[in-house]
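Read through the structure below, which is laid out as structure tokens, and then see the notes.
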Amino acid sequence: MSKEQRAKVDAMLRQQPRPEGPRSVEAIRAGFKALMAQMTVPDGIRTTPTTLGDRPALHVEPDNGPRAGTILYFHGGGWVFGSPQTALSLTGHLVAKTGFGAYSVDYRLAPEHPFPAAIDDTLSAYRALLDSGQDSSTIAFVGDSAGGGLTVATCLAARDAGLPLPAAIVAFSPGLDATRTGESMDTKAAIDPIFTREAVEHTGAMYLAGADPHQPLLSPAVLADLTGFPPMLIQVGTNEILLDDSTRLAARARAAGVDVILDITADVPHVFQSFAGVLDEADEALDRAALFLGQRIRAAGAAHTSAVSRSPSLRAGLPPQSPRNGSPRN
């Protein structure tokens, strides 16, 4: 356990500026960028700006080349702030721990581009991967916070569009209920060091732009039919007002016959995995996420890999299959 580490992280988050009234979009974006710049990005990876679909993206790979499989990553930020760069501690550690390459999508943000712009962009990115020849069984959706919500919303949109679904979903502290009806919105208010109801409703209103929150793409934790969804890993901390977004989605997934793992860590905040290298629970959670991704992508693509391995001409160009581990920077 890491009681001292958890206390240090909690204190750090509580020191962030908390003005009396709602902050401007510019202030929110600048503050989040400054906070995430303090997170550890592992060595042993390389990043390349690219385009996926019709949006910019950041391609993150191990220095010594990726294994077969792709992480399609959706960053957090309340659908209003954040970028692939602010999520690099998360994508970087997942790439280092799994050996998979990742594409982190720079989807459009509210209030300039409200619902459903973000979902349109993430679905377009997934289509682009499929159109490039990648099999859905080698792709996993991964995201944090609002991006965790986008993993589910994008999967719903893909299913509605008749697309094959990805091999797996991993969601870190996902935002899954625009109706804000979870009991944890109130019961965890005193111990959440990051969010208040007022704060999430402020940014949420920018994303909604008047849309009814009572629809599956906005509130999948309470309204979505998850039938046919791929295996899911949901990680969340007990010290966050969005806790019940995760617990209720997991219950819906279980009721729909979906293979789901609800991974709750005690006494840690929203998207605690960002504190890899500082908080033991963050490193351990990312290890579990990497194991899950390796199992699901490997299992889903096993038949394809086996066929390739029997062909000498293809086997010669096959990337190594063992995971690569990068070491955190000091």
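Identifiers in this document derive from the order of the structure tokens: chains are assigned A, B, ..., residues are numbered from 1 separately in each chain, and ligands are numbered from 1 in order of occurrence.
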**OP:** Compile the contact shell of His214 of chain A as a ChimeraX atom specification: residues with an atom at most 12 Å away, counting only C-alpha atoms, same-chain residues fewer than 2 positions apart removed.
**Re:** /A:176-181,208,210-212,216-224
Generate the output file for the selected residues, N, CA and C atoms, as a PDB file, in the first residue's frame.
ATOM      1  N   LEU A 176     -19.813   8.786 -17.913  1.00  0.00           N
ATOM      2  CA  LEU A 176     -20.800   7.971 -18.623  1.00  0.00           C
ATOM      3  C   LEU A 176     -22.239   8.373 -18.342  1.00  0.00           C
ATOM      4  N   ASP A 177     -22.438   9.521 -17.691  1.00  0.00           N
ATOM      5  CA  ASP A 177     -23.809   9.878 -17.322  1.00  0.00           C
ATOM      6  C   ASP A 177     -23.979  11.387 -17.314  1.00  0.00           C
ATOM      7  N   ALA A 178     -24.472  11.913 -18.426  1.00  0.00           N
ATOM      8  CA  ALA A 178     -24.708  13.350 -18.518  1.00  0.00           C
ATOM      9  C   ALA A 178     -25.915  13.788 -17.702  1.00  0.00           C
ATOM     10  N   THR A 179     -26.718  12.827 -17.205  1.00  0.00           N
ATOM     11  CA  THR A 179     -27.840  13.194 -16.342  1.00  0.00           C
ATOM     12  C   THR A 179     -27.380  13.473 -14.909  1.00  0.00           C
ATOM     13  N   ARG A 180     -26.166  13.067 -14.573  1.00  0.00           N
ATOM     14  CA  ARG A 180     -25.555  13.304 -13.248  1.00  0.00           C
ATOM     15  C   ARG A 180     -26.433  12.781 -12.115  1.00  0.00           C
ATOM     16  N   THR A 181     -26.948  11.562 -12.276  1.00  0.00           N
ATOM     17  CA  THR A 181     -27.858  11.005 -11.284  1.00  0.00           C
ATOM     18  C   THR A 181     -27.209   9.968 -10.372  1.00  0.00           C
ATOM     19  N   LEU A 208     -23.128  19.572 -24.083  1.00  0.00           N
ATOM     20  CA  LEU A 208     -24.524  19.300 -24.432  1.00  0.00           C
ATOM     21  C   LEU A 208     -25.095  20.352 -25.380  1.00  0.00           C
ATOM     22  N   GLY A 210     -27.520  22.243 -25.077  1.00  0.00           N
ATOM     23  CA  GLY A 210     -28.976  22.147 -25.139  1.00  0.00           C
ATOM     24  C   GLY A 210     -29.521  20.782 -25.477  1.00  0.00           C
ATOM     25  N   ALA A 211     -28.649  19.839 -25.815  1.00  0.00           N
ATOM     26  CA  ALA A 211     -29.118  18.484 -26.143  1.00  0.00           C
ATOM     27  C   ALA A 211     -29.671  17.804 -24.896  1.00  0.00           C
ATOM     28  N   ASP A 212     -30.637  16.936 -25.095  1.00  0.00           N
ATOM     29  CA  ASP A 212     -31.224  16.172 -23.994  1.00  0.00           C
ATOM     30  C   ASP A 212     -30.204  15.144 -23.507  1.00  0.00           C
ATOM     31  N   PRO A 216     -28.657   7.406 -25.046  1.00  0.00           N
ATOM     32  CA  PRO A 216     -27.566   6.455 -24.801  1.00  0.00           C
ATOM     33  C   PRO A 216     -26.173   6.992 -25.067  1.00  0.00           C
ATOM     34  N   LEU A 217     -25.987   7.805 -26.101  1.00  0.00           N
ATOM     35  CA  LEU A 217     -24.645   8.304 -26.419  1.00  0.00           C
ATOM     36  C   LEU A 217     -24.127   9.284 -25.379  1.00  0.00           C
ATOM     37  N   LEU A 218     -25.024   9.887 -24.610  1.00  0.00           N
ATOM     38  CA  LEU A 218     -24.621  10.842 -23.588  1.00  0.00           C
ATOM     39  C   LEU A 218     -24.645  10.244 -22.187  1.00  0.00           C
ATOM     40  N   SER A 219     -25.486   9.270 -21.958  1.00  0.00           N
ATOM     41  CA  SER A 219     -25.618   8.670 -20.630  1.00  0.00           C
ATOM     42  C   SER A 219     -25.694   7.146 -20.735  1.00  0.00           C
ATOM     43  N   PRO A 220     -24.659   6.516 -21.279  1.00  0.00           N
ATOM     44  CA  PRO A 220     -24.723   5.062 -21.456  1.00  0.00           C
ATOM     45  C   PRO A 220     -24.811   4.287 -20.151  1.00  0.00           C
ATOM     46  N   ALA A 221     -24.341   4.863 -19.050  1.00  0.00           N
ATOM     47  CA  ALA A 221     -24.396   4.145 -17.778  1.00  0.00           C
ATOM     48  C   ALA A 221     -25.825   3.873 -17.327  1.00  0.00           C
ATOM     49  N   VAL A 222     -26.762   4.678 -17.819  1.00  0.00           N
ATOM     50  CA  VAL A 222     -28.149   4.493 -17.388  1.00  0.00           C
ATOM     51  C   VAL A 222     -29.102   4.171 -18.532  1.00  0.00           C
ATOM     52  N   LEU A 223     -28.656   4.333 -19.787  1.00  0.00           N
ATOM     53  CA  LEU A 223     -29.597   4.188 -20.895  1.00  0.00           C
ATOM     54  C   LEU A 223     -29.145   3.271 -22.027  1.00  0.00           C
ATOM     55  N   ALA A 224     -27.881   2.899 -22.094  1.00  0.00           N
ATOM     56  CA  ALA A 224     -27.387   2.175 -23.261  1.00  0.00           C
ATOM     57  C   ALA A 224     -27.702   0.683 -23.196  1.00  0.00           C
TER      58      ALA A 224
END
Any chance you could list, as a PDB file with C-alpha atoms, in the first residue's frame, the residues in segment 17-52 of chain A that come up strand (DSSP E or B) when DSSP is run on the backbone?
ATOM      1  CA  PRO A  42       8.235   6.807 -19.988  1.00  0.00           C
ATOM      2  CA  ILE A  45       8.755   5.457 -26.900  1.00  0.00           C
ATOM      3  CA  ARG A  46       8.583   7.736 -29.919  1.00  0.00           C
ATOM      4  CA  THR A  47       5.767  10.046 -30.974  1.00  0.00           C
ATOM      5  CA  THR A  48       4.808  11.188 -34.463  1.00  0.00           C
ATOM      6  CA  PRO A  49       2.086  13.689 -35.386  1.00  0.00           C
ATOM      7  CA  THR A  50      -0.223  12.214 -38.000  1.00  0.00           C
ATOM      8  CA  THR A  51      -3.806  12.285 -39.255  1.00  0.00           C
ATOM      9  CA  LEU A  52      -6.458   9.666 -38.629  1.00  0.00           C
TER      10      LEU A  52
END
Original post:
Interatomic distance between atom CA of Gly143 of chain A and atom CA of Val60 of chain A?
Top reply: 14.5 Å
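In this comparison, which uses only C-alpha atoms, the residue of A:Gln134, A:Glu198, A:Tyr126, A:Met185 approaching Leu163 of chain A most closely is A:Tyr126.
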Please build the interface table for segment 67-157 of chain A against segment 225-244 of chain A with a cut-off of 10 Å, listing for each qualifying residue the nearest atom pair and the distance in Å to one decimal; count only C-alpha atoms, order rows by chain and increasing number, and write it as a tab-separated table.
residue	atom	partner	partner_atom	distance
A:Ser137	CA	A:Pro230	CA	9.8
A:Ala140	CA	A:Pro230	CA	9.3
A:Phe141	CA	A:Met232	CA	9.6
A:Val142	CA	A:Leu233	CA	9.4
A:Asp144	CA	A:Gln235	CA	9.4
A:Ser145	CA	A:Leu242	CA	9.0
A:Gly148	CA	A:Ile234	CA	8.8
A:Thr151	CA	A:Met232	CA	10.0
A:Val152	CA	A:Leu226	CA	8.9
A:Cys155	CA	A:Phe229	CA	7.6
A:Leu156	CA	A:Leu226	CA	7.7
Subject >> All residues 9 Å or closer to segment 96-104 of chain A, only C-alpha atoms, same chain fewer than 6 positions away omitted, as a VMD selection string >> reply: chain A and resid 42 to 45 50 52 56 to 62 65 to 75 83 to 85 87 to 88 125 286 to 287 290 to 291 293 to 294 321 to 327
